[in-house]
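Shown below: upload-v7.cif, with mmCIF, C-alpha atoms.
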```cif
data_target
loop_
_atom_site.label_atom_id
_atom_site.label_comp_id
_atom_site.auth_asym_id
_atom_site.auth_seq_id
_atom_site.Cartn_x
_atom_site.Cartn_y
_atom_site.Cartn_z
CA MET B 1 0.00 0.00 0.00
CA ASN B 2 2.81 2.36 0.91
CA ARG B 3 4.68 1.62 -2.28
CA ARG B 4 1.61 2.37 -4.37
CA HIS B 5 1.05 5.60 -2.55
CA ALA B 6 4.63 6.68 -3.21
CA GLN B 7 4.22 5.84 -6.90
CA ALA B 8 1.10 7.93 -7.17
CA THR B 9 2.69 11.00 -5.59
CA SER B 10 5.81 10.72 -7.73
CA ARG B 11 3.67 10.82 -10.91
CA ALA B 12 2.05 14.13 -10.21
CA ALA B 13 1.44 14.79 -13.90
CA ASP B 14 -1.44 12.32 -14.10
CA ALA B 15 -2.48 12.57 -10.49
CA SER B 16 -6.06 13.15 -11.51
CA MET B 17 -6.00 9.86 -13.41
CA THR B 18 -5.10 7.67 -10.44
CA LEU B 19 -8.42 5.90 -10.44
CA ILE B 20 -8.23 5.06 -14.13
CA ASN B 21 -4.58 4.06 -13.77
CA GLU B 22 -5.38 1.90 -10.79
CA VAL B 23 -8.11 0.11 -12.69
CA TYR B 24 -6.27 -0.13 -15.97
CA ARG B 25 -2.71 -0.96 -14.95
CA ARG B 26 -3.48 -3.40 -12.20
CA PRO B 27 -6.45 -5.36 -13.47
CA LEU B 28 -5.33 -8.52 -11.73
CA ASP B 29 -6.34 -8.99 -8.14
CA PRO B 30 -3.21 -8.19 -6.07
CA GLY B 31 -4.14 -11.14 -3.90
CA TYR B 32 -2.72 -13.55 -6.47
CA GLN B 33 0.65 -11.80 -6.36
CA GLU B 34 0.70 -11.77 -2.57
CA ALA B 35 -0.28 -15.44 -2.35
CA ALA B 36 2.48 -16.32 -4.80
CA ALA B 37 4.95 -14.28 -2.77
CA ARG B 38 3.88 -16.08 0.41
CA ARG B 39 4.28 -19.43 -1.28
CA ALA B 40 7.75 -18.43 -2.49
CA ASP B 41 8.71 -17.41 1.03
CA GLY B 42 7.37 -20.66 2.39
CA LEU B 43 4.93 -18.79 4.58
CA ALA B 44 1.80 -20.23 2.99
CA PRO B 45 -0.38 -22.10 5.47
CA ARG B 46 -0.63 -25.84 4.96
CA ARG B 47 -3.80 -26.89 3.28
CA THR B 48 -6.01 -28.81 5.68
CA ALA B 49 -8.78 -31.23 4.78
CA ARG B 50 -11.32 -28.84 6.25
CA GLY B 51 -9.99 -26.01 4.11
CA ALA B 52 -10.27 -28.15 1.00
CA VAL B 53 -13.88 -29.03 1.78
CA ALA B 54 -14.69 -25.39 2.41
CA LEU B 55 -13.12 -24.48 -0.92
CA LEU B 56 -15.12 -27.17 -2.70
CA VAL B 57 -18.38 -26.08 -1.10
CA LEU B 58 -17.69 -22.46 -1.97
CA ALA B 59 -16.81 -23.38 -5.54
CA VAL B 60 -19.97 -25.47 -5.98
CA ALA B 61 -22.10 -22.68 -4.52
CA LEU B 62 -20.55 -20.04 -6.76
CA GLY B 63 -20.81 -22.21 -9.85
CA GLY B 64 -24.40 -23.03 -9.08
CA PHE B 65 -25.18 -19.39 -8.48
CA ALA B 66 -23.55 -18.27 -11.72
CA ALA B 67 -25.40 -20.91 -13.73
CA THR B 68 -28.69 -20.07 -12.05
CA ALA B 69 -28.20 -16.36 -12.68
CA ALA B 70 -27.35 -16.96 -16.32
CA VAL B 71 -30.38 -19.21 -16.82
CA ALA B 72 -32.66 -16.75 -15.03
CA LEU B 73 -31.41 -13.89 -17.19
CA ARG B 74 -32.05 -15.80 -20.38
CA ARG B 75 -35.74 -16.22 -19.56
CA PRO B 76 -37.88 -13.57 -21.30
CA ALA B 77 -38.88 -10.90 -18.76
CA PRO B 78 -40.18 -13.27 -16.13
CA GLU B 79 -41.70 -10.69 -13.83
CA ALA B 80 -43.66 -8.99 -16.61
CA LEU B 81 -44.97 -12.37 -17.66
CA GLN B 82 -45.79 -13.26 -14.08
CA ALA B 83 -47.58 -9.98 -13.51
CA ARG B 84 -49.62 -10.54 -16.65
CA THR B 85 -50.61 -14.06 -15.68
CA LEU B 86 -51.41 -12.87 -12.19
CA LEU B 87 -53.68 -10.13 -13.48
CA GLU B 88 -55.32 -12.45 -15.97
CA ASN B 89 -56.02 -14.98 -13.25
CA GLU B 90 -57.39 -12.28 -11.01
CA ILE B 91 -59.69 -11.00 -13.74
CA ARG B 92 -60.93 -14.50 -14.39
CA GLU B 93 -61.46 -15.14 -10.69
CA ARG B 94 -63.30 -11.88 -10.11
CA THR B 95 -65.47 -12.41 -13.17
CA ALA B 96 -66.36 -15.86 -11.94
CA THR B 97 -67.20 -14.45 -8.52
CA ALA B 98 -69.33 -11.73 -10.08
CA ASP B 99 -71.16 -14.28 -12.21
CA GLU B 100 -71.76 -16.43 -9.18
CA LEU B 101 -73.09 -13.49 -7.19
CA ARG B 102 -75.32 -12.52 -10.10
CA ARG B 103 -76.71 -16.02 -10.27
CA GLY B 104 -77.29 -15.96 -6.53
CA ASN B 105 -78.99 -12.62 -6.93
CA ALA B 106 -81.29 -13.94 -9.61
CA ALA B 107 -82.18 -16.96 -7.50
CA LEU B 108 -82.95 -14.80 -4.49
CA SER B 109 -85.04 -12.44 -6.61
CA ALA B 110 -87.03 -15.35 -7.90
CA GLU B 111 -87.54 -16.54 -4.37
CA ILE B 112 -88.63 -13.07 -3.22
CA ALA B 113 -91.08 -12.89 -6.09
CA ARG B 114 -92.45 -16.33 -5.25
CA LEU B 115 -92.83 -15.53 -1.59
CA GLN B 116 -94.45 -12.19 -2.36
CA GLN B 117 -96.81 -13.93 -4.72
CA ARG B 118 -97.78 -16.47 -2.10
CA ALA B 119 -98.23 -13.87 0.61
CA ALA B 120 -100.01 -11.25 -1.44
CA SER B 121 -102.19 -13.43 -3.66
CA THR B 122 -103.95 -14.90 -0.67
CA ASP B 123 -104.15 -11.82 1.53
CA ASP B 124 -104.73 -8.98 -0.89
CA PRO B 125 -105.22 -9.85 -4.57
CA GLU B 126 -105.49 -6.19 -5.55
CA LEU B 127 -102.17 -5.30 -3.93
CA PHE B 128 -100.60 -8.32 -5.57
CA ALA B 129 -101.78 -7.25 -9.01
CA GLN B 130 -100.34 -3.80 -8.48
CA LEU B 131 -97.09 -5.31 -7.24
CA GLN B 132 -96.87 -7.41 -10.38
CA ARG B 133 -97.42 -4.41 -12.61
CA ASP B 134 -94.86 -2.35 -10.74
CA ALA B 135 -92.34 -5.17 -10.86
CA VAL B 136 -92.74 -5.45 -14.62
CA ALA B 137 -92.46 -1.70 -15.04
CA ALA B 138 -89.40 -1.50 -12.81
CA GLY B 139 -87.74 -4.30 -14.73
CA VAL B 140 -87.30 -6.42 -11.63
CA VAL B 141 -88.91 -9.60 -12.89
CA PRO B 142 -88.41 -11.45 -16.19
CA VAL B 143 -91.04 -10.67 -18.78
CA THR B 144 -92.07 -12.26 -22.04
CA GLY B 145 -94.08 -11.03 -24.97
CA PRO B 146 -93.98 -9.96 -28.61
CA GLY B 147 -91.67 -7.18 -29.64
CA VAL B 148 -88.85 -5.85 -31.75
CA ARG B 149 -85.25 -6.96 -31.94
CA VAL B 150 -82.60 -4.57 -33.23
CA VAL B 151 -79.08 -5.87 -33.78
CA LEU B 152 -76.24 -3.36 -34.15
CA THR B 153 -72.97 -4.79 -35.44
CA ASP B 154 -69.62 -3.01 -35.49
CA GLY B 155 -68.40 -2.11 -38.95
CA VAL B 156 -65.00 -3.15 -40.27
CA PRO B 157 -62.64 -0.20 -39.84
CA ASP B 158 -61.05 1.23 -42.97
CA ALA B 159 -57.60 -0.09 -43.72
CA ASN B 160 -56.28 3.47 -43.89
CA ALA B 161 -58.16 4.69 -40.84
CA ALA B 162 -56.26 5.58 -37.68
CA ALA B 163 -55.93 2.80 -35.14
CA ASP B 164 -57.95 4.69 -32.56
CA ASP B 165 -60.64 5.73 -35.01
CA ALA B 166 -63.85 4.65 -33.32
CA SER B 167 -66.31 5.80 -35.97
CA SER B 168 -66.99 2.27 -37.26
CA TYR B 169 -67.80 1.00 -33.77
CA VAL B 170 -71.16 1.12 -32.09
CA LEU B 171 -70.90 3.84 -29.45
CA ASP B 172 -72.74 4.24 -26.19
CA VAL B 173 -74.62 7.16 -27.69
CA ASP B 174 -76.02 4.93 -30.47
CA LEU B 175 -77.45 2.53 -27.92
CA GLN B 176 -78.75 5.41 -25.83
CA VAL B 177 -80.57 6.92 -28.78
CA LEU B 178 -81.99 3.55 -29.80
CA VAL B 179 -83.19 2.64 -26.29
CA ASN B 180 -84.62 6.09 -25.85
CA GLY B 181 -86.41 5.82 -29.17
CA LEU B 182 -87.84 2.44 -28.24
CA TRP B 183 -89.22 3.78 -24.95
CA ALA B 184 -90.73 6.71 -26.85
CA ALA B 185 -92.21 4.30 -29.39
CA GLY B 186 -94.11 2.52 -26.63
CA ALA B 187 -91.80 -0.26 -25.50
CA GLU B 188 -92.81 -1.79 -22.20
CA ALA B 189 -89.52 -3.51 -21.40
CA VAL B 190 -86.10 -3.15 -22.99
CA ALA B 191 -82.93 -5.19 -22.68
CA VAL B 192 -79.50 -4.83 -24.30
CA ASN B 193 -77.59 -8.10 -24.75
CA GLY B 194 -79.70 -9.58 -21.97
CA GLU B 195 -79.14 -6.65 -19.61
CA ARG B 196 -82.54 -5.31 -18.64
CA ILE B 197 -82.87 -1.54 -18.82
CA THR B 198 -84.44 -0.22 -15.63
CA SER B 199 -84.99 3.17 -14.10
CA THR B 200 -81.45 3.18 -12.69
CA THR B 201 -79.63 1.74 -15.70
CA ALA B 202 -76.88 3.76 -17.30
CA ILE B 203 -75.44 3.15 -20.75
CA ARG B 204 -71.96 4.55 -21.11
CA SER B 205 -68.61 3.79 -22.63
CA ALA B 206 -65.42 2.87 -20.83
CA GLY B 207 -62.52 2.66 -23.23
CA ALA B 208 -63.56 0.53 -26.18
CA ALA B 209 -66.36 -1.25 -24.35
CA VAL B 210 -69.94 -0.18 -23.89
CA LEU B 211 -71.09 -0.61 -20.32
CA VAL B 212 -74.70 -1.27 -19.47
CA ASP B 213 -74.94 -1.05 -15.71
CA SER B 214 -71.22 -1.86 -15.27
CA THR B 215 -71.53 -4.96 -17.46
CA ALA B 216 -69.19 -4.68 -20.42
CA LEU B 217 -70.85 -5.62 -23.69
CA SER B 218 -69.36 -6.08 -27.12
CA SER B 219 -70.61 -6.22 -30.68
CA PRO B 220 -73.09 -7.40 -31.84
CA TYR B 221 -75.44 -5.47 -29.60
CA THR B 222 -78.92 -6.98 -29.47
CA VAL B 223 -81.53 -4.55 -28.25
CA GLU B 224 -84.84 -6.23 -27.51
CA ALA B 225 -88.01 -4.34 -26.69
CA ILE B 226 -91.36 -5.82 -25.76
CA GLY B 227 -94.40 -4.05 -27.13
CA ASP B 228 -96.59 -3.87 -30.20
CA ALA B 229 -94.01 -4.75 -32.84
CA VAL B 230 -95.64 -3.06 -35.82
CA ALA B 231 -96.59 0.11 -33.97
CA MET B 232 -93.13 0.35 -32.39
CA GLN B 233 -91.32 0.00 -35.69
CA THR B 234 -93.48 2.66 -37.30
CA ALA B 235 -93.12 5.02 -34.37
CA LEU B 236 -89.39 4.45 -34.17
CA ALA B 237 -88.94 5.26 -37.84
CA ARG B 238 -90.74 8.58 -37.35
CA THR B 239 -88.59 9.78 -34.48
CA SER B 240 -85.08 11.20 -34.59
CA ALA B 241 -83.85 7.85 -33.29
CA GLY B 242 -84.89 6.29 -36.58
CA GLN B 243 -82.90 8.86 -38.50
CA HIS B 244 -79.93 8.23 -36.23
CA LEU B 245 -80.15 4.49 -36.92
CA ALA B 246 -80.36 5.14 -40.65
CA SER B 247 -77.30 7.37 -40.52
CA LEU B 248 -75.26 4.61 -38.83
CA SER B 249 -75.00 2.66 -42.08
CA GLN B 250 -72.70 5.29 -43.55
CA TYR B 251 -70.18 4.40 -40.81
CA GLY B 252 -70.36 0.74 -41.81
CA ILE B 253 -72.47 -0.24 -38.80
CA ASP B 254 -74.99 -2.94 -39.62
CA VAL B 255 -78.51 -2.33 -38.26
CA ALA B 256 -80.92 -5.24 -38.48
CA MET B 257 -84.46 -4.83 -37.16
CA SER B 258 -86.93 -7.67 -36.91
CA SER B 259 -90.22 -8.24 -35.15
CA GLN B 260 -90.39 -11.23 -32.86
CA ARG B 261 -93.40 -13.19 -31.77
CA THR B 262 -91.95 -13.95 -28.37
CA LEU B 263 -89.10 -12.24 -26.59
CA ASP B 264 -87.89 -13.34 -23.18
CA LEU B 265 -86.30 -10.52 -21.26
CA PRO B 266 -84.56 -11.29 -18.00
CA GLY B 267 -85.33 -9.40 -14.82
CA ARG B 268 -82.87 -7.03 -13.29
CA GLY B 269 -83.37 -8.48 -9.82
CA GLN B 270 -83.94 -6.40 -6.75
CA ILE B 271 -82.60 -2.87 -7.12
CA ALA B 272 -81.05 -1.61 -3.92
CA LEU B 273 -81.93 2.02 -3.40
CA ARG B 274 -79.69 3.57 -0.79
CA SER B 275 -80.76 7.19 -0.71
CA ALA B 276 -84.25 7.25 -2.17
CA ARG B 277 -87.18 6.96 0.25
CA VAL B 278 -90.84 6.69 -0.62
CA ALA B 279 -92.35 10.12 -0.03
CA GLY B 280 -95.09 9.66 2.57
CA ALA B 281 -94.51 5.98 3.12
CA ASP B 282 -98.11 5.30 4.24
CA GLU B 283 -99.56 6.38 0.90
CA THR B 284 -98.07 3.53 -1.05
CA THR B 285 -100.64 0.93 -0.15
CA ASP B 286 -103.80 2.88 -0.86
CA ASP B 287 -102.86 4.12 -4.27
CA ALA B 288 -106.23 4.17 -6.02
CA ASP B 289 -105.06 4.45 -9.59
CA PRO B 290 -101.92 2.45 -10.39
CA ALA B 291 -101.96 3.16 -14.11
CA PRO B 292 -100.53 6.71 -14.05
CA GLU B 293 -97.78 5.60 -11.72
CA GLU B 294 -96.81 2.85 -14.06
CA HIS B 295 -96.62 5.38 -16.82
CA ASP B 296 -94.41 7.54 -14.66
CA VAL B 297 -91.96 4.76 -14.11
CA LEU B 298 -91.72 4.12 -17.80
CA GLY B 299 -91.44 7.78 -18.58
CA SER B 300 -88.53 8.25 -16.26
CA SER B 301 -86.43 5.55 -17.86
CA PRO B 302 -85.40 7.28 -21.08
CA ARG B 303 -84.21 10.28 -19.13
CA ASP B 304 -81.88 8.15 -17.07
CA VAL B 305 -80.67 6.26 -20.05
CA ALA B 306 -79.90 9.22 -22.21
CA GLY B 307 -77.72 11.35 -19.96
CA SER B 308 -74.69 10.87 -22.16
CA SER B 309 -71.12 11.62 -21.28
CA ARG B 310 -70.51 12.60 -24.88
CA PRO B 311 -73.33 14.78 -26.16
CA ASP B 312 -71.08 16.16 -28.90
CA GLN B 313 -70.88 12.72 -30.45
CA GLU B 314 -74.47 12.94 -31.52
CA GLU B 315 -73.87 16.13 -33.42
CA ALA B 316 -70.79 14.67 -35.04
CA ARG B 317 -72.78 11.85 -36.51
CA MET T 1 -8.10 -28.19 -9.11
CA ILE T 2 -10.64 -28.40 -6.31
CA ALA T 3 -12.01 -24.98 -7.26
CA LEU T 4 -12.35 -25.97 -10.92
CA ILE T 5 -14.10 -29.26 -10.13
CA GLY T 6 -16.35 -27.49 -7.67
CA LEU T 7 -17.27 -24.80 -10.16
CA VAL T 8 -18.09 -27.32 -12.88
CA LEU T 9 -20.17 -29.35 -10.42
CA GLY T 10 -21.99 -26.20 -9.35
CA VAL T 11 -22.68 -25.11 -12.93
CA VAL T 12 -24.04 -28.54 -13.83
CA ALA T 13 -26.16 -28.61 -10.71
CA GLY T 14 -27.49 -25.13 -11.45
CA LEU T 15 -28.36 -26.08 -15.04
CA VAL T 16 -30.02 -29.33 -14.02
CA ILE T 17 -31.95 -28.15 -10.97
CA GLU T 18 -32.78 -24.67 -12.34
CA PRO T 19 -33.69 -23.14 -9.00
CA THR T 20 -35.87 -20.04 -9.15
CA VAL T 21 -34.25 -16.77 -8.18
CA PRO T 22 -36.27 -14.69 -5.70
CA ALA T 23 -37.86 -11.66 -7.35
CA GLU T 24 -36.00 -9.23 -5.03
CA LEU T 25 -32.66 -10.52 -6.29
CA GLN T 26 -33.57 -10.34 -9.97
CA PRO T 27 -32.26 -6.78 -10.58
CA TYR T 28 -28.79 -7.72 -9.29
CA LEU T 29 -28.30 -10.77 -11.47
CA PRO T 30 -26.73 -9.04 -14.50
CA ILE T 31 -24.22 -7.20 -12.33
CA ALA T 32 -23.40 -10.40 -10.43
CA VAL T 33 -22.79 -12.25 -13.69
CA VAL T 34 -20.43 -9.51 -14.91
CA ALA T 35 -18.58 -9.65 -11.58
CA ALA T 36 -18.30 -13.43 -11.91
CA LEU T 37 -16.91 -13.01 -15.44
CA ASP T 38 -14.31 -10.58 -14.09
CA ALA T 39 -13.24 -13.09 -11.46
CA LEU T 40 -13.04 -15.85 -14.10
CA PHE T 41 -10.82 -13.76 -16.38
CA GLY T 42 -8.66 -12.73 -13.43
CA GLY T 43 -8.25 -16.37 -12.45
CA LEU T 44 -7.36 -17.40 -15.98
CA ARG T 45 -4.78 -14.67 -16.24
CA ALA T 46 -3.28 -15.58 -12.86
CA TYR T 47 -3.08 -19.20 -14.03
CA LEU T 48 -1.22 -18.14 -17.17
CA ASP T 49 1.02 -15.90 -15.08
CA GLY T 50 1.78 -18.96 -12.99
CA ILE T 51 0.53 -17.44 -9.75
CA PHE T 52 -2.96 -18.99 -9.62
CA ASP T 53 -4.26 -19.65 -6.14
CA GLU T 54 -7.59 -21.39 -5.54
CA ARG T 55 -8.28 -19.63 -2.28
CA VAL T 56 -7.67 -16.19 -3.77
CA PHE T 57 -9.70 -17.11 -6.86
CA LEU T 58 -12.76 -18.22 -4.92
CA THR T 59 -12.64 -15.39 -2.40
CA SER T 60 -12.24 -12.81 -5.17
CA PHE T 61 -15.12 -14.47 -7.03
CA LEU T 62 -17.36 -14.32 -3.97
CA SER T 63 -16.39 -10.81 -2.92
CA ASN T 64 -16.72 -9.52 -6.49
CA VAL T 65 -20.26 -10.79 -6.79
CA VAL T 66 -21.32 -9.69 -3.32
CA VAL T 67 -19.71 -6.24 -3.48
CA ALA T 68 -21.04 -5.53 -6.98
CA ALA T 69 -24.56 -6.49 -5.96
CA LEU T 70 -24.22 -4.56 -2.71
CA VAL T 71 -23.02 -1.39 -4.45
CA VAL T 72 -25.95 -1.53 -6.87
CA PHE T 73 -28.34 -2.25 -4.02
CA LEU T 74 -27.00 0.78 -2.16
CA GLY T 75 -27.36 2.84 -5.32
CA ASP T 76 -30.97 1.67 -5.64
CA GLN T 77 -31.66 2.78 -2.08
CA LEU T 78 -30.11 6.19 -2.79
CA GLY T 79 -31.97 6.59 -6.07
CA VAL T 80 -28.84 6.32 -8.23
CA GLY T 81 -29.15 2.62 -8.99
CA SER T 82 -28.72 2.90 -12.75
CA GLN T 83 -25.67 5.16 -12.40
CA MET T 84 -24.14 2.75 -9.90
CA THR T 85 -24.78 -0.10 -12.30
CA THR T 86 -23.01 1.88 -15.02
CA ALA T 87 -20.06 2.58 -12.72
CA VAL T 88 -19.69 -1.07 -11.75
CA ILE T 89 -20.02 -2.21 -15.35
CA VAL T 90 -17.40 0.31 -16.51
CA VAL T 91 -14.87 -0.69 -13.85
CA LEU T 92 -15.41 -4.42 -14.29
CA GLY T 93 -15.49 -4.03 -18.05
CA ILE T 94 -12.11 -2.30 -18.12
CA ARG T 95 -10.65 -5.02 -15.91
CA ILE T 96 -12.09 -7.77 -18.07
CA PHE T 97 -10.68 -6.10 -21.17
CA SER T 98 -7.17 -5.67 -19.84
CA ASN T 99 -7.12 -9.16 -18.32
CA ALA T 100 -8.33 -10.56 -21.62
CA ALA T 101 -5.56 -8.62 -23.40
CA SER T 102 -3.00 -10.10 -21.01
CA ILE T 103 -4.39 -13.61 -21.61
CA ARG T 104 -4.18 -13.01 -25.34
CA ARG T 105 -0.51 -12.00 -25.01
CA HIS T 106 0.15 -15.18 -23.06
CA LEU T 107 -1.61 -17.46 -25.51
CA PHE T 108 -0.60 -15.92 -28.86
CA LYS T 109 2.55 -14.10 -27.80
CA ALA T 110 1.16 -11.05 -29.55
#
```
What would you get if you wrote out this structure as structure tokens?
Amino acid sequence: MNRRHAQATSRAADASMTLINEVYRRPLDPGYQEAAARRADGLAPRRTARGAVALLVLAVALGGFAATAAVALRRPAPEALQARTLLENEIRERTATADELRRGNAALSAEIARLQQRAASTDDPELFAQLQRDAVAAGVVPVTGPGVRVVLTDGVPDANAAADDASSYVLDVDLQVLVNGLWAAGAEAVAVNGERITSTTAIRSAGAAVLVDSTALSSPYTVEAIGDAVAMQTALARTSAGQHLASLSQYGIDVAMSSQRTLDLPGRGQIALRSARVAGADETTDDADPAPEEHDVLGSSPRDVAGSSRPDQEEAR
Amino acid sequence: MIALIGLVLGVVAGLVIEPTVPAELQPYLPIAVVAALDALFGGLRAYLDGIFDERVFLTSFLSNVVVAALVVFLGDQLGVGSQMTTAVIVVLGIRIFSNAASIRRHLFKA
């Protein structure tokens, strides 16, 4: 150490280069030289059996480590792959859980309906009839009947269109306009891809997907509406919704409308209202005229459905 | 000789068993491999110089790997991990180059 220090001070010209010199001129571990010197002087300690075993163990460990490190580095980005698999698994698990919960929900709704039916039909037939009507109007129970089916299919994007060009895809606003138009045309129950539209349903877009009540749907979108099929089709064609549908074809979106003899729309299940309370709770049972109320429920649906996040989209079309 | 046999045994074992490296150690693998390479070249040069010593070889191997990983780990903690990695790579790279040049002189006399 002392000798090296003396050397460095004697070469003051490249004093600032000592680090580089140190690295470059003495690349070999000085330990080798010292060990050789010790051996030459006969000072080297005798090799014991224990020392040899320790050396062997150390060598095996280092070799194993080096091989392991090399193999691990040759694998393609393991943690990115792992993270991806992990996320995929999680998505699959959560989706399965959500499906299970939804099935449980449907079963419980059916049971509630059955129990209500049993309780109300014997005690108070009038109340039961009103309950049935309200349940249909609120979209809680499955309904069946004749109606119209409209299928919207995404167009094929132009080859020279930008990758993020969404004009050939069915947008949330298209479904909003269509559902709104169907309500206005006298539909009594509407569902999109089996998702029943109720008074609390929202249709919106999240990224490339269209969400109906937080359920992501993809093309083709099947909108089914129960009502007088002929009257609905005529009324729909007269409204601005009909014009909107007609204008979709110029974006390559396929619109197919057909009348169906029987449509089976699923129920939404019980809707949990957290903030809303019935105004004057004691008035609910002695409602003399249920018909206007039913109309109110229906009338409120299009308003909820249509509150779009992208009103400018409609003008753009 | 013991060191060489041990290393070969270890490499074979590592290739056959393929143990998984913990995720926390993953970022230090490249630097450890470079440090191991440096030790290997140093050992080869010492052998050609006629001053090879197994004990020195293995301890320098071990300390190289550990210190290199430690320096980078410290750099990571201080937020200069990539710069530390560069520094270690530069130093070890220069040593590998000059050792390799020395080995070349030994082998080809040129």
query = Could you write out as a PyMOL selection string the residues that the PyMOL selection byres ((chain T) within 6 of (chain B)) matches in the shown file?
reply = chain T and resi 2-3+6-7+9-11+14+29+42+51+95
With 10 Å as the cut-off and only C-alpha atoms counted, what is the closest atom pair between each nearby residue of segment 20-66 of chain T and segment 105-108 of chain T? Distances in Å to one decimal, ordered by chain and number, as a Markdown table.
```
| residue | atom | partner | partner_atom | distance |
| --- | --- | --- | --- | --- |
| T:Arg45 | CA | T:His106 | CA | 8.4 |
| T:Leu48 | CA | T:His106 | CA | 6.7 |
| T:Asp49 | CA | T:His106 | CA | 8.1 |
```
note = Separating atom CA of Leu248 of chain B from atom CA of Ile226 of chain B, to the nearest tenth of an Å, is a gap of 23.2 Å
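A straight line drawn from atom CA of Thr222 of chain B to atom CA of Ala113 of chain B is 27.0 Å long.
Selection by the PyMOL selection byres ((chain T and resi 72-77) around 12) on the present file picks out Glu24, Leu25, Gln26, Pro27, Tyr28, Leu29, Pro30, Ile31, Ala32, Ala35, Val65, Val66, Val67, Ala68, Ala69, Leu70, Val71, Leu78, Gly79, Val80, Gly81, Ser82, Gln83, Met84, Thr85, Thr86, Ala87, Val88 and Ile89 of chain T.
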inquiry  = I'd like the interatomic distance between atom CA of Leu273 of chain B and atom CA of Ala189 of chain B, to a tenth of an Å.
reply    = 20.3 Å
